[in-house]
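Peer 1: So here's target35.cif (mmCIF, C-alpha atoms).
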```
data_protein
#
loop_
_atom_site.label_atom_id
_atom_site.label_comp_id
_atom_site.auth_asym_id
_atom_site.auth_seq_id
_atom_site.Cartn_x
_atom_site.Cartn_y
_atom_site.Cartn_z
CA MET A 25 4.05 -41.63 6.40
CA ARG A 26 0.77 -39.85 7.00
CA ALA A 27 -1.18 -37.06 5.30
CA VAL A 28 -1.32 -33.51 6.62
CA VAL A 29 -2.63 -30.28 5.11
CA VAL A 30 -0.84 -26.95 5.39
CA GLY A 31 -2.61 -23.66 4.70
CA VAL A 32 -0.61 -21.05 2.79
CA GLY A 33 -1.38 -17.35 2.63
CA SER A 34 0.32 -14.18 1.39
CA ASN A 35 -0.75 -10.56 0.93
CA LEU A 36 2.59 -8.77 0.51
CA GLY A 37 4.78 -8.54 -2.57
CA ALA A 38 4.59 -11.24 -5.23
CA ARG A 39 1.90 -13.28 -3.53
CA GLU A 40 1.68 -16.13 -6.02
CA ALA A 41 5.46 -16.45 -6.15
CA ALA A 42 5.59 -16.76 -2.35
CA ILE A 43 3.03 -19.60 -2.40
CA ARG A 44 4.92 -21.35 -5.19
CA ALA A 45 8.24 -20.93 -3.37
CA ALA A 46 6.79 -22.35 -0.14
CA ARG A 47 5.66 -25.46 -2.01
CA VAL A 48 9.11 -25.96 -3.55
CA LEU A 49 10.98 -25.44 -0.27
CA LEU A 50 8.74 -27.81 1.71
CA HIS A 51 8.94 -30.52 -0.95
CA ALA A 52 12.74 -30.30 -0.84
CA ARG A 53 12.93 -31.09 2.89
CA ASP A 54 13.69 -34.60 4.10
CA GLY A 55 10.64 -36.49 5.28
CA ILE A 56 8.17 -34.19 3.49
CA ARG A 57 6.55 -34.69 0.10
CA VAL A 58 3.94 -32.39 -1.46
CA THR A 59 1.27 -34.57 -3.07
CA ALA A 60 -1.46 -32.04 -3.95
CA VAL A 61 -1.89 -28.29 -4.32
CA SER A 62 -5.26 -26.55 -4.14
CA PRO A 63 -6.46 -23.78 -6.44
CA ILE A 64 -5.63 -20.28 -5.21
CA TYR A 65 -8.36 -18.12 -3.66
CA GLU A 66 -8.37 -14.36 -3.17
CA THR A 67 -9.88 -13.23 0.12
CA GLU A 68 -10.49 -10.14 2.21
CA PRO A 69 -8.04 -9.77 5.12
CA LEU A 70 -8.91 -9.88 8.78
CA GLY A 71 -7.71 -7.06 11.01
CA PRO A 72 -6.49 -3.58 9.99
CA PRO A 73 -6.68 -2.25 6.40
CA GLN A 74 -4.21 -4.14 4.20
CA PRO A 75 -3.95 -5.84 0.78
CA ARG A 76 -6.12 -8.80 -0.16
CA TYR A 77 -4.78 -12.29 0.51
CA LEU A 78 -4.04 -15.16 -1.79
CA ASN A 79 -4.76 -18.45 0.00
CA ALA A 80 -4.08 -22.07 -0.91
CA ALA A 81 -3.45 -25.43 0.74
CA LEU A 82 -0.75 -28.06 0.33
CA ARG A 83 -1.33 -31.73 1.08
CA LEU A 84 1.83 -33.37 2.37
CA GLU A 85 2.98 -36.89 3.08
CA THR A 86 5.35 -36.83 6.04
CA ASP A 87 6.86 -38.95 8.79
CA ARG A 88 7.65 -35.91 10.94
CA SER A 89 5.97 -35.31 14.28
CA PRO A 90 3.65 -32.28 14.57
CA ALA A 91 6.36 -30.38 16.47
CA GLU A 92 8.99 -31.23 13.84
CA LEU A 93 6.62 -30.22 11.07
CA LEU A 94 5.87 -26.90 12.80
CA SER A 95 9.62 -26.25 13.00
CA ALA A 96 9.94 -26.93 9.25
CA LEU A 97 7.07 -24.51 8.51
CA LEU A 98 8.65 -21.75 10.60
CA ARG A 99 12.04 -22.23 8.94
CA THR A 100 10.37 -22.03 5.54
CA GLU A 101 8.65 -18.78 6.51
CA ARG A 102 11.98 -17.30 7.59
CA ARG A 103 13.57 -18.45 4.35
CA LEU A 104 10.91 -16.47 2.51
CA GLY A 105 11.50 -13.32 4.52
CA ARG A 106 8.93 -13.48 7.31
CA ARG A 107 9.85 -12.56 10.88
CA ARG A 108 7.01 -13.53 13.19
CA ASP A 109 8.40 -11.55 16.12
CA ALA A 110 7.99 -8.36 14.07
CA ASP A 111 4.44 -9.12 12.89
CA GLN A 112 1.58 -6.81 13.71
CA ARG A 113 -1.38 -8.70 15.19
CA TRP A 114 -3.73 -9.54 12.30
CA GLY A 115 -1.35 -7.54 10.10
CA PRO A 116 -0.07 -8.27 6.58
CA ARG A 117 2.13 -11.28 5.85
CA SER A 118 4.68 -12.02 3.14
CA ILE A 119 3.96 -15.71 3.83
CA ASP A 120 1.88 -17.58 6.39
CA LEU A 121 2.07 -21.38 6.83
CA ASP A 122 -0.40 -23.06 9.19
CA LEU A 123 -0.94 -26.75 9.93
CA LEU A 124 -4.68 -27.18 9.26
CA TRP A 125 -5.24 -30.93 9.54
CA ASP A 126 -3.35 -34.05 10.53
CA GLN A 127 -4.43 -37.55 9.56
CA CYS A 128 -3.39 -38.75 13.02
CA GLY A 129 -6.10 -36.63 14.61
CA PRO A 130 -6.21 -33.56 16.86
CA HIS A 131 -3.01 -32.38 18.49
CA GLU A 132 -2.25 -29.75 21.11
CA SER A 133 1.12 -28.67 22.43
CA PRO A 134 2.83 -25.37 23.29
CA GLY A 135 2.57 -23.15 20.21
CA LEU A 136 0.52 -25.60 18.15
CA ARG A 137 -3.11 -26.69 18.01
CA VAL A 138 -4.46 -28.87 15.20
CA PRO A 139 -7.02 -28.21 13.90
CA HIS A 140 -6.96 -24.47 14.54
CA ARG A 141 -9.69 -23.42 16.95
CA GLU A 142 -11.12 -20.96 14.37
CA LEU A 143 -10.93 -23.27 11.35
CA HIS A 144 -14.73 -23.70 11.21
CA ASN A 145 -15.10 -19.92 10.80
CA ARG A 146 -12.48 -19.31 8.12
CA ASP A 147 -13.62 -19.84 4.55
CA PHE A 148 -10.14 -18.92 3.25
CA ALA A 149 -8.74 -21.99 5.04
CA LEU A 150 -11.69 -24.37 4.65
CA ALA A 151 -12.13 -24.06 0.88
CA PRO A 152 -8.54 -24.98 -0.09
CA LEU A 153 -8.46 -27.61 2.67
CA LEU A 154 -11.42 -29.44 1.14
CA ASP A 155 -9.86 -29.20 -2.33
CA VAL A 156 -6.89 -31.35 -1.26
CA ALA A 157 -8.61 -33.42 1.46
CA PRO A 158 -11.98 -34.53 0.00
CA GLU A 159 -12.36 -37.05 2.84
CA LEU A 160 -13.13 -34.06 5.09
CA VAL A 161 -16.02 -32.68 3.02
CA GLU A 162 -18.72 -34.13 5.27
CA VAL A 163 -16.93 -32.85 8.37
CA PHE A 164 -16.61 -29.24 7.22
CA ARG A 165 -19.20 -28.83 4.46
CA ARG A 166 -21.83 -27.18 6.65
CA SER A 167 -19.26 -24.81 8.18
CA LEU A 168 -18.28 -23.61 4.72
CA GLU A 169 -21.92 -23.30 3.60
CA ARG A 170 -22.71 -21.25 6.72
CA GLN A 171 -20.13 -18.69 5.57
CA GLY A 172 -21.60 -18.44 2.10
CA GLY A 173 -19.49 -21.07 0.39
CA ALA A 174 -16.00 -20.90 -1.02
CA PRO A 175 -14.44 -17.48 -1.74
CA PRO A 176 -13.71 -16.59 -5.37
CA ARG A 177 -10.83 -18.39 -7.02
CA TRP A 178 -7.95 -16.25 -8.18
CA GLY A 179 -6.60 -16.35 -11.70
CA ARG A 180 -3.51 -14.57 -12.92
CA ASN A 181 -5.06 -13.63 -16.24
CA ALA A 182 -1.56 -13.24 -17.59
CA ARG A 183 0.27 -14.41 -20.68
CA VAL A 184 3.90 -15.45 -20.98
CA VAL A 185 5.57 -15.86 -24.36
CA VAL A 186 9.19 -16.97 -24.55
CA GLU A 187 11.06 -17.07 -27.85
CA THR A 188 14.64 -18.33 -27.96
CA SER A 189 17.26 -18.15 -30.67
CA PRO A 190 21.05 -18.45 -30.90
CA ARG A 191 21.20 -14.69 -30.27
CA GLY A 192 19.05 -14.48 -27.16
CA PHE A 193 15.48 -14.63 -25.89
CA ASP A 194 12.42 -12.43 -25.50
CA VAL A 195 9.84 -12.61 -22.73
CA ASP A 196 6.46 -10.90 -23.01
CA VAL A 197 4.37 -10.81 -19.81
CA GLU A 198 1.03 -9.40 -18.76
CA ALA A 199 0.20 -9.36 -15.04
CA ASN A 200 -1.61 -7.37 -12.39
CA SER A 201 1.51 -5.63 -11.07
CA LEU A 202 5.17 -5.22 -11.92
CA ALA A 203 6.14 -7.43 -8.97
CA ASP A 204 3.84 -10.21 -10.17
CA ALA A 205 5.12 -9.84 -13.72
CA CYS A 206 8.74 -10.19 -12.65
CA ALA A 207 7.81 -13.13 -10.43
CA LEU A 208 6.70 -15.05 -13.49
CA SER A 209 9.40 -17.35 -14.79
CA ILE A 210 11.53 -16.30 -17.70
CA GLY A 211 13.26 -19.14 -19.48
CA HIS A 212 16.20 -19.79 -21.75
CA GLY A 213 17.67 -23.13 -22.78
CA VAL A 214 20.78 -24.60 -21.16
CA ARG A 215 22.73 -27.33 -22.91
CA ALA A 216 22.32 -30.80 -21.43
CA GLY A 217 25.10 -32.20 -19.28
CA ARG A 218 25.95 -28.94 -17.53
CA PRO A 219 25.88 -28.92 -13.69
CA TRP A 220 22.93 -26.93 -12.46
CA SER A 221 23.18 -24.27 -9.79
CA THR A 222 21.24 -21.38 -8.31
CA LEU A 223 22.35 -17.78 -7.84
CA HIS A 224 20.64 -15.41 -5.41
CA ARG A 225 20.51 -11.62 -5.70
CA SER A 226 18.90 -9.00 -3.45
CA ILE A 227 18.18 -5.73 -5.25
CA GLU A 228 16.30 -2.52 -4.71
CA SER A 229 12.80 -2.81 -6.15
CA GLY A 230 12.56 -1.29 -9.60
CA VAL A 231 12.61 -2.09 -13.28
CA GLU A 232 16.15 -0.85 -13.93
CA GLU A 233 17.54 -2.81 -10.98
CA PHE A 234 15.84 -5.97 -12.22
CA SER A 235 17.17 -5.48 -15.73
CA ASN A 236 20.68 -4.78 -14.43
CA ALA A 237 20.62 -7.91 -12.26
CA VAL A 238 19.77 -10.09 -15.27
CA ARG A 239 22.52 -8.41 -17.30
CA ASP A 240 25.12 -8.85 -14.53
CA VAL A 241 24.36 -12.56 -14.14
CA LEU A 242 24.54 -13.22 -17.87
CA GLN A 243 27.84 -11.35 -18.17
CA THR A 244 29.46 -13.74 -15.68
CA GLY A 245 28.93 -16.58 -18.17
CA PHE A 246 25.96 -17.98 -16.25
CA SER A 247 23.19 -19.08 -18.62
CA ILE A 248 19.77 -18.49 -17.06
CA HIS A 249 17.27 -21.30 -17.48
CA ARG A 250 14.75 -19.75 -15.11
CA ALA A 251 14.63 -16.48 -13.18
CA THR A 252 12.03 -15.93 -10.49
CA MET A 253 11.30 -13.49 -7.72
CA SER A 254 10.98 -15.59 -4.58
CA HIS A 255 10.06 -12.71 -2.28
CA CYS A 256 9.64 -8.99 -2.58
CA SER A 257 8.67 -5.97 -0.53
CA LYS A 258 8.26 -2.30 -1.35
CA SER A 259 11.99 -1.72 -0.88
CA GLN A 260 13.65 -4.98 -1.89
CA TRP A 261 13.29 -7.89 -4.29
CA VAL A 262 15.00 -11.24 -3.76
CA LEU A 263 15.78 -12.96 -7.07
CA GLU A 264 16.74 -16.54 -7.85
CA PHE A 265 18.52 -17.46 -11.08
CA HIS A 266 18.58 -21.17 -11.97
CA GLY A 267 20.89 -22.39 -14.70
CA ALA A 268 24.49 -23.35 -15.42
CA CYS A 269 27.86 -21.73 -15.93
CA MET A 270 28.60 -21.86 -19.66
CA GLY A 271 32.14 -20.45 -19.61
CA ASN A 272 32.99 -17.36 -21.65
CA PRO A 273 30.22 -14.77 -21.37
CA PRO A 274 28.85 -13.37 -24.64
CA PRO A 275 28.32 -9.63 -25.10
CA THR A 276 24.92 -9.04 -23.53
CA ASP A 277 22.28 -6.35 -23.89
CA VAL A 278 19.31 -6.56 -21.51
CA ARG A 279 16.35 -4.20 -21.79
CA LEU A 280 13.14 -4.09 -19.78
CA TRP A 281 10.07 -2.14 -20.88
CA THR A 282 6.90 -1.59 -18.84
CA THR A 283 3.56 -0.27 -20.02
CA PRO A 284 1.28 0.26 -17.00
CA GLY A 285 -2.42 0.80 -17.45
CA ARG A 286 -4.85 2.34 -15.01
CA HIS A 287 -7.66 -0.11 -15.76
CA ARG A 288 -5.76 -3.06 -17.19
CA ALA A 289 -2.91 -5.37 -16.36
CA ILE A 290 0.64 -4.12 -16.56
CA ARG A 291 2.61 -5.25 -19.57
CA VAL A 292 6.31 -6.08 -19.27
CA GLN A 293 8.75 -7.04 -21.97
CA LEU A 294 12.27 -8.27 -21.20
CA ALA A 295 14.62 -8.64 -24.16
CA THR A 296 18.08 -10.17 -23.94
CA LEU A 297 20.32 -10.08 -27.00
CA TYR A 298 23.77 -11.65 -27.47
#
```
What does the file become when written as structure tokens?

Peer 2:
Amino acid sequence: MRAVVVGVGSNLGAREAAIRAARVLLHARDGIRVTAVSPIYETEPLGPPQPRYLNAALRLETDRSPAELLSALLRTERRLGRRRDADQRWGPRSIDLDLLWDQCGPHESPGLRVPHRELHNRDFALAPLLDVAPELVEVFRRSLERQGGAPPRWGRNARVVVETSPRGFDVDVEANSLADACALSIGHGVRAGRPWSTLHRSIESGVEEFSNAVRDVLQTGFSIHRATMSHCSKSQWVLEFHGACMGNPPPTDVRLWTTPGRHRAIRVQLATLY
């Protein structure tokens, strides 16, 4: 097993959710273990006009070769909705996974070069890299200083309150966008001893569609422990519901309210009553 660092970036849809999902998916693969996660930075994009990026880095322990690891990164990107063959050069990305550093040293093969030839000139990659690989500070410190230091760290500045009762649960969320708000986890208890499973739903993007999806899942008798948006675009959201089948579904009423503000975070309240 050796240490490697993977850079993660996203500037489409629920950016934080995409970074979190990439971490979970990589950690679940055989021969890969995520041992550290950097803070998240918000950076200006390169290339044509597009949304700002969220960037982070994951430190992995792995026994996979660089080529095998690259294959795992590409499969993870596809799992999260990215199609590299359709990408615009320097264009926006739902998720971007790049191998930044390998403890075994430099590597070059078709389609892969480690470290990236432009790493010294990219503060959005260097800052999170040094957060999870402090042994590289002396190697890259001057490169980062030459670019003005680390970019600003990103903070959600959101609040999640979950209240459960025998009759249901309420979730109160504040976030920067509706997509980010829905990407935050909503939770409800599941009795111990039940087999856990995951349900996936693709829906049109919108508050009513999200509310209806939660209602439909609950009415099947599936008790939601966690619901997250793993990927979203302007036209489609991909939802994951984690929980257990509890048998007979209770009568369910699901309501979703949104209160957008021009100069403040959006406020979302999801109420589920049995």

Peer 1: Name the residues captured by the PyMOL selection byres ((chain A and resi 164-166) around 10) when it is applied to the shown file; answer as an MDAnalysis selection string.

Peer 2: chainID A and resid 143:144 150:151 153:154 159:163 167:173

Peer 1: Show which residues sit within 9 Å of segment 223-227 of chain A, as a list of chain:residue names. Count only C-alpha atoms, and ignore same-chain residues fewer than 2 positions away.

Peer 2: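 Residues meeting the cut-off are A:Ser221, A:Ser229, A:Gly230, A:Glu233, A:Phe234, A:Ala237, A:Val241, A:Ser259, A:Gln260, A:Trp261, A:Val262, A:Leu263, A:Glu264, A:Phe265, A:His266, A:Gly267.
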
Peer 1: Residue by residue, what does the PyMOL selection byres ((chain A and resi 272-281) around 8) grab here? Present the result as a VMD selection string.

Peer 2: chain A and resid 231 to 232 235 to 236 238 to 239 242 to 246 270 to 271 282 to 283 292 to 298

Peer 1: Translate the PyMOL selection byres ((chain A and resi 70-82) around 9), as applied to the file shown, into an explicit residue set as an MDAnalysis selection string.

Peer 2: chainID A and resid 28:36 39:40 43 47 58:69 83:84 113:117 124 148:149 151:156 178

Peer 1: By how many Å are atom CA of Arg99 of chain A and atom CA of Leu123 of chain A apart?

Peer 2: 13.8 Å

Peer 1: Nearest residue to Thr100 of chain A out of A:Pro139, A:Pro130, A:His51, A:Leu202, using all atoms listed in the file?

Peer 2: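 Residue with the minimum atom-to-atom distance to Thr100 of chain A: A:His51.
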
Peer 1: Using all atoms listed in the file, which residue out of A:Ala268, A:Ala174, A:Arg291, A:Ser89 lies closest to Arg146 of chain A?

Peer 2: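 Using all atoms listed in the file, Arg146 of chain A sits closest to A:Ala174.
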
Peer 1: Take atom CA of Arg57 of chain A and atom CA of Glu101 of chain A and report the distance between them in Å, one decimal.

Peer 2: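 It comes out at 17.3 Å.
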
Peer 1: Starting from 8 Å padding per side, set up an axis-aligned box that covers all listed atoms of segment 130-134 of chain A and hand over centre and edge lengths in Å, one decimal, as AutoDock Vina command-line options.

Peer 2:
```
--center_x -1.7 --center_y -29.5 --center_z 20.1 --size_x 25.0 --size_y 24.2 --size_z 22.4
```

Peer 1: When you draw a straight line from atom CA of Cys269 of chain A to atom CA of Val195 of chain A, how long is it in Å?

Peer 2: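 The value is 21.3 Å.
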
Peer 1: Is there a way to get, as a list in words, all residues within 7 Å of the point (8.4, -38.2, 6.4) in file coordinates, counting all atoms listed in the file?

Peer 2: Met25, Asp54, Gly55, Ile56, Glu85, Thr86, Asp87 and Arg88 of chain A
